[in-house]
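See below for the structure under consideration.
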Amino acid sequence: MFKSLMKTVAVTVSVLAMSAAAQAADYNWTFQTSESAGEPGYINKQKWADAVGEMSGGRIEIDILPIGSVVPHTDTLEAVGAGILQGHLTDPSYFAGKDPAFAMMGNLVGAWSDPFELLGFMQSGGGNELYAELVEPYGVHFLGAAATEPEAFVAAVPIRTVEDLKGVKLRAPEGMVYEIFQKAGAAPVALPGSEVFTALDKGVVDAADYTVFAANQKQGMNDIAHYPLYPGFHSLPLIDMSINKEIWDSLPADLQSILNASVDVFIFQHVYSVRQLDAEAVAQAKANPEIEIINWSGDERAKFRRIAQAEWETWAGKTEMTQRYYDAVVAYLKGRNLL
């Protein structure tokens with residue numbers, strides 16, 4: 001099915017691209033991402049930009065920049081609207097200070113166990129429409145949502161159950177994830193991602209909400225924290241792929257179609273490439289007798305989700321949009337026996 005879909009998309013894109021004569025780029029854009037250079041997500045986003053160039057017959061060139069290159073990661077939304085950046089590929093949670101709906105849409109902690117659950121909701125459960133409505137006042141056009149694998153959990157102590165979270169000092173970013181871990185009995189500490197390794201190494205924290213297993217393994221997290229939890233149980237962030245609205249509105253229809261098709265291709269390529277990297281990293285970790293990978297049972301995952309769901313309800317009451325998003329997610333999950 002996947003190969004068939006990709007073949008169909010490729011044929012469609014080829015027809016669109018052939019309609020444009022090969023020439024120097026008509027559009028040169030800068031998109032800022034939420035990753036550092038070299039991370040799997042950053043590399044895949046560079047590949048997406050290259051694909052857009054090929055699919056458009058060279059009419060579009062996109063320069064992909066790492067986090068913080070032009071503006072702080074919390075400011076890309078407004079920078080895209082103002083034309084300082086032409087687009088971004090980022091985690092909407094960074095904009096939670098502008099509207100709590102960004103926190104819920106960016107990472108509804110405990111809601112999703114597979115990226116295609118989240119992507120299914122975005123594409124057929126009303127998520128795309130709600131997010132597009134949220135960003136439009138900022139002068140931003142939402143191209144589409146992508147997602148990665150559930151994030152693994154880094155731990156220097158064995159955490160085999162929800163009960164084991166009690167009293168554990170763990171790194172968590174401020175916002176919903178911080179509050180949910182606090183309600184689960186942990187002692188969360190807000191630290192920037194750049195300080196996670198040192199904090200674990202020095203015993204400032206005993207665990208950390210960080211990123212996918214492959215990146216954790218590559219950065220040596222599992223070498224100093226020997227009890228990683230995988231597959232992840234808590235965090236599956238959304239990737240917002242957006243462009244300046246004036247630019248979008250001025251594009252010819254064929255280039256709009258090419259960009260839309262490129263997002264569909266990226267969605268699958270990103271998930272499956274990170275999934276493969278995770279599998280390779282897990283095999284590497286299992287070869288180390290000092291590392292024990294802990295996989296929570298379905299019952300424990302359900303316990304954590306119930307704690308998270310109580311926090312969802314709290315956040316739902318913050319604005320009309322958070323309530324609409326909450327209602328849509330709950331309806332989607334219940335309709336598929338996922339809640």
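Numbering starts fresh at 1 for the residues of each chain in the structure tokens, the chains themselves are lettered A, B, ... in the order given, and ligands are numbered from 1 as they appear.
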For this session: Name the residues in contact with A:Thr319 at a cut-off of 8 Å, using only C-alpha atoms, excluding same-chain residues fewer than 4 positions from it; report them as a ChimeraX atom specification.
Result: /A:100-101,323
May I have the residues from that selection written out with C-alpha atoms, as a PDB file, in the first residue's frame?
```pdb
ATOM      1  CA  PRO A 100      -2.436  27.498  24.980  1.00  0.00           C
ATOM      2  CA  ALA A 101      -3.932  25.769  21.939  1.00  0.00           C
ATOM      3  CA  GLN A 323     -12.036  23.129  23.956  1.00  0.00           C
TER       4      GLN A 323
END
```
Could you make a table, as JSON lines, of the residues of stretch 54-128 of chain A that have an atom within 9 Å of an atom of stretch 246-255 of chain A, each with its nearest atom pair and distance in Å to one decimal, counting only C-alpha atoms, in chain and number order?
```
{"residue": "A:Ser56", "atom": "CA", "partner": "A:Leu255", "partner_atom": "CA", "distance": 6.8}
{"residue": "A:Arg59", "atom": "CA", "partner": "A:Leu255", "partner_atom": "CA", "distance": 8.6}
{"residue": "A:Ile60", "atom": "CA", "partner": "A:Leu255", "partner_atom": "CA", "distance": 8.5}
{"residue": "A:Gly81", "atom": "CA", "partner": "A:Glu246", "partner_atom": "CA", "distance": 8.5}
{"residue": "A:Gly83", "atom": "CA", "partner": "A:Ile247", "partner_atom": "CA", "distance": 8.8}
{"residue": "A:Gln86", "atom": "CA", "partner": "A:Ile247", "partner_atom": "CA", "distance": 7.8}
```
Problem set entry | All residues 9 Å or closer to A:Val109, only C-alpha atoms, same chain fewer than 5 positions away omitted, as a PyMOL selection string | chain A and resi 104+176-177+180+233-237+305+308-309+312
For this session: Just the residues within 12 Å of stretch 156-167 of chain A, please, counting only C-alpha atoms, with nothing from its chain fewer than 6 positions along; format it as a VMD selection string.
Result: chain A and resid 180 to 189 197 199 to 208 221 to 230 233 to 234 290 to 308
Please produce a file of the residues just selected, as a PDB file, in the first residue's frame, where the atoms kept are C-alpha atoms.
```
ATOM      1  CA  ILE A 180       1.401  15.758  33.838  1.00  0.00           C
ATOM      2  CA  PHE A 181       4.609  14.281  35.214  1.00  0.00           C
ATOM      3  CA  GLN A 182       4.067  16.302  38.369  1.00  0.00           C
ATOM      4  CA  LYS A 183       0.556  14.854  38.722  1.00  0.00           C
ATOM      5  CA  ALA A 184       2.025  11.371  38.222  1.00  0.00           C
ATOM      6  CA  GLY A 185       4.132  11.963  41.328  1.00  0.00           C
ATOM      7  CA  ALA A 186       7.478  12.784  39.728  1.00  0.00           C
ATOM      8  CA  ALA A 187       9.603  15.813  40.595  1.00  0.00           C
ATOM      9  CA  PRO A 188      10.044  17.548  37.226  1.00  0.00           C
ATOM     10  CA  VAL A 189      12.819  20.054  36.619  1.00  0.00           C
ATOM     11  CA  PHE A 197      23.295  15.132  29.212  1.00  0.00           C
ATOM     12  CA  ALA A 199      22.326  16.983  34.289  1.00  0.00           C
ATOM     13  CA  LEU A 200      22.016  13.197  33.951  1.00  0.00           C
ATOM     14  CA  ASP A 201      25.757  12.662  34.175  1.00  0.00           C
ATOM     15  CA  LYS A 202      26.047  14.711  37.366  1.00  0.00           C
ATOM     16  CA  GLY A 203      22.900  13.284  38.956  1.00  0.00           C
ATOM     17  CA  VAL A 204      20.978  16.559  38.897  1.00  0.00           C
ATOM     18  CA  VAL A 205      18.126  14.542  37.373  1.00  0.00           C
ATOM     19  CA  ASP A 206      17.544  10.789  37.195  1.00  0.00           C
ATOM     20  CA  ALA A 207      15.460  10.768  34.017  1.00  0.00           C
ATOM     21  CA  ALA A 208      14.544  12.994  31.095  1.00  0.00           C
ATOM     22  CA  MET A 221      22.321   9.268  26.813  1.00  0.00           C
ATOM     23  CA  ASN A 222      21.824   5.531  27.261  1.00  0.00           C
ATOM     24  CA  ASP A 223      25.488   5.067  28.173  1.00  0.00           C
ATOM     25  CA  ILE A 224      24.997   7.150  31.319  1.00  0.00           C
ATOM     26  CA  ALA A 225      21.315   6.358  31.945  1.00  0.00           C
ATOM     27  CA  HIS A 226      20.985   2.595  31.579  1.00  0.00           C
ATOM     28  CA  TYR A 227      17.193   2.114  31.812  1.00  0.00           C
ATOM     29  CA  PRO A 228      15.609   3.741  28.728  1.00  0.00           C
ATOM     30  CA  LEU A 229      11.863   3.304  28.259  1.00  0.00           C
ATOM     31  CA  TYR A 230      10.990   2.255  24.721  1.00  0.00           C
ATOM     32  CA  PHE A 233       4.648   6.249  26.363  1.00  0.00           C
ATOM     33  CA  HIS A 234       4.327   9.990  26.787  1.00  0.00           C
ATOM     34  CA  GLU A 290      24.691  -2.604  31.029  1.00  0.00           C
ATOM     35  CA  ILE A 291      21.599  -1.238  29.258  1.00  0.00           C
ATOM     36  CA  GLU A 292      18.112  -2.576  30.014  1.00  0.00           C
ATOM     37  CA  ILE A 293      15.335  -1.346  27.727  1.00  0.00           C
ATOM     38  CA  ILE A 294      12.036  -1.178  29.620  1.00  0.00           C
ATOM     39  CA  ASN A 295       8.748  -1.531  27.721  1.00  0.00           C
ATOM     40  CA  TRP A 296       5.676  -0.565  29.722  1.00  0.00           C
ATOM     41  CA  SER A 297       2.701  -2.904  29.641  1.00  0.00           C
ATOM     42  CA  GLY A 298      -0.574  -1.803  28.117  1.00  0.00           C
ATOM     43  CA  ASP A 299      -2.041  -1.417  31.598  1.00  0.00           C
ATOM     44  CA  GLU A 300       0.703   0.986  32.681  1.00  0.00           C
ATOM     45  CA  ARG A 301       0.331   3.019  29.500  1.00  0.00           C
ATOM     46  CA  ALA A 302      -3.408   3.239  30.153  1.00  0.00           C
ATOM     47  CA  LYS A 303      -2.761   4.438  33.722  1.00  0.00           C
ATOM     48  CA  PHE A 304      -0.488   7.203  32.440  1.00  0.00           C
ATOM     49  CA  ARG A 305      -3.011   8.204  29.788  1.00  0.00           C
ATOM     50  CA  ARG A 306      -5.731   8.542  32.436  1.00  0.00           C
ATOM     51  CA  ILE A 307      -3.502  10.924  34.399  1.00  0.00           C
ATOM     52  CA  ALA A 308      -2.780  12.833  31.199  1.00  0.00           C
TER      53      ALA A 308
END
```
For A:Asn337, please output as a PDB file with C-alpha atoms, in the first residue's frame all residues within 12 Å (counting only C-alpha atoms; exclusion window: fewer than 6 positions along the same chain).
```pdb
ATOM      1  CA  GLU A 117      -2.770   7.834  14.914  1.00  0.00           C
ATOM      2  CA  VAL A 330     -11.622  12.728  22.284  1.00  0.00           C
ATOM      3  CA  ALA A 331     -14.241  12.018  19.609  1.00  0.00           C
TER       4      ALA A 331
END
```
I want to know what sits within 8 Å of stretch 32-49 of chain A, based on only C-alpha atoms, with residues of the same chain fewer than 4 positions away left out; could you give that as a PDB file with C-alpha atoms, in the first residue's frame?
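Generated file (part-v3.pdb):
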```pdb
ATOM      1  CA  GLY A  53      13.549  21.638  -5.768  1.00  0.00           C
ATOM      2  CA  GLU A  61      14.926  26.517  -3.730  1.00  0.00           C
ATOM      3  CA  ILE A  62      14.590  26.172   0.040  1.00  0.00           C
ATOM      4  CA  ASP A  63      17.456  26.753   2.445  1.00  0.00           C
ATOM      5  CA  ILE A  64      16.920  24.720   5.634  1.00  0.00           C
ATOM      6  CA  LEU A  65      18.459  26.205   8.781  1.00  0.00           C
ATOM      7  CA  PRO A  66      18.853  24.687  12.266  1.00  0.00           C
ATOM      8  CA  ILE A  67      17.144  25.908  15.403  1.00  0.00           C
ATOM      9  CA  GLY A  68      17.943  29.468  16.425  1.00  0.00           C
ATOM     10  CA  SER A  69      19.756  30.396  13.203  1.00  0.00           C
ATOM     11  CA  VAL A  70      17.683  33.487  12.395  1.00  0.00           C
ATOM     12  CA  HIS A  73      12.717  28.880  18.313  1.00  0.00           C
ATOM     13  CA  THR A  76       9.456  31.538  14.165  1.00  0.00           C
ATOM     14  CA  LEU A  85      11.557  33.649   7.374  1.00  0.00           C
ATOM     15  CA  GLY A  87       8.577  29.178   6.387  1.00  0.00           C
ATOM     16  CA  HIS A  88       9.258  26.876   9.307  1.00  0.00           C
ATOM     17  CA  LEU A  89       9.232  23.160  10.125  1.00  0.00           C
ATOM     18  CA  THR A  90       8.821  23.107  13.868  1.00  0.00           C
ATOM     19  CA  ASP A  91       7.095  21.989  17.061  1.00  0.00           C
ATOM     20  CA  ALA A 215      19.065  10.470  18.866  1.00  0.00           C
ATOM     21  CA  SER A 262       5.810  17.131  -1.127  1.00  0.00           C
ATOM     22  CA  PHE A 266       7.724  13.815   3.625  1.00  0.00           C
ATOM     23  CA  GLN A 269       9.624   9.217   4.523  1.00  0.00           C
ATOM     24  CA  HIS A 270      10.216  10.912   7.869  1.00  0.00           C
ATOM     25  CA  VAL A 274      13.270   7.531  11.999  1.00  0.00           C
TER      26      VAL A 274
END
```
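Take the candidates A:Ala51, A:Ala111, A:Ile243, A:Leu118 and check each one against A:Val135 using only C-alpha atoms; the shortest distance goes to A:Ile243.
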Problem set entry | helix (DSSP H, G or I) positions in stretch 205-241 of chain A, given as a VMD selection string | chain A and resid 213 to 218 221 to 224
Exercise. Within 9 Å of A:Leu130, counting only C-alpha atoms, which residues qualify if same-chain residues fewer than 5 places away don't, as JSON, numbers by chain?
Worked result: {"A": [122, 135, 321, 324, 325]}
Written file, previous selection with C-alpha atoms, as a PDB file, in the first residue's frame:
```pdb
ATOM      1  CA  MET A 122      -4.986  15.616  11.595  1.00  0.00           C
ATOM      2  CA  VAL A 135      -2.153  30.079  12.589  1.00  0.00           C
ATOM      3  CA  MET A 321      -9.988  26.704  20.566  1.00  0.00           C
ATOM      4  CA  ARG A 324     -12.723  22.517  20.271  1.00  0.00           C
ATOM      5  CA  TYR A 325      -9.426  20.691  19.887  1.00  0.00           C
TER       6      TYR A 325
END
```
For this session: as a PyMOL selection string, list the residues of stretch 211-306 of chain A assigned to strand (DSSP E or B) by DSSP on the backbone atoms of this structure.
Result: chain A and resi 229+238-244+294
Next, dump the selected residues to file, keeping only C-alpha atoms, as a CSV table (one decimal), in the first residue's frame.
```csv
chain,number,residue,atom,x,y,z
A,229,LEU,CA,11.9,3.3,28.3
A,238,LEU,CA,3.5,17.3,15.9
A,239,ILE,CA,5.7,18.9,13.1
A,240,ASP,CA,4.1,22.1,11.8
A,241,MET,CA,5.1,22.7,8.1
A,242,SER,CA,4.0,26.2,7.3
A,243,ILE,CA,4.8,29.1,4.9
A,244,ASN,CA,4.2,32.8,4.7
A,294,ILE,CA,12.0,-1.2,29.6
```
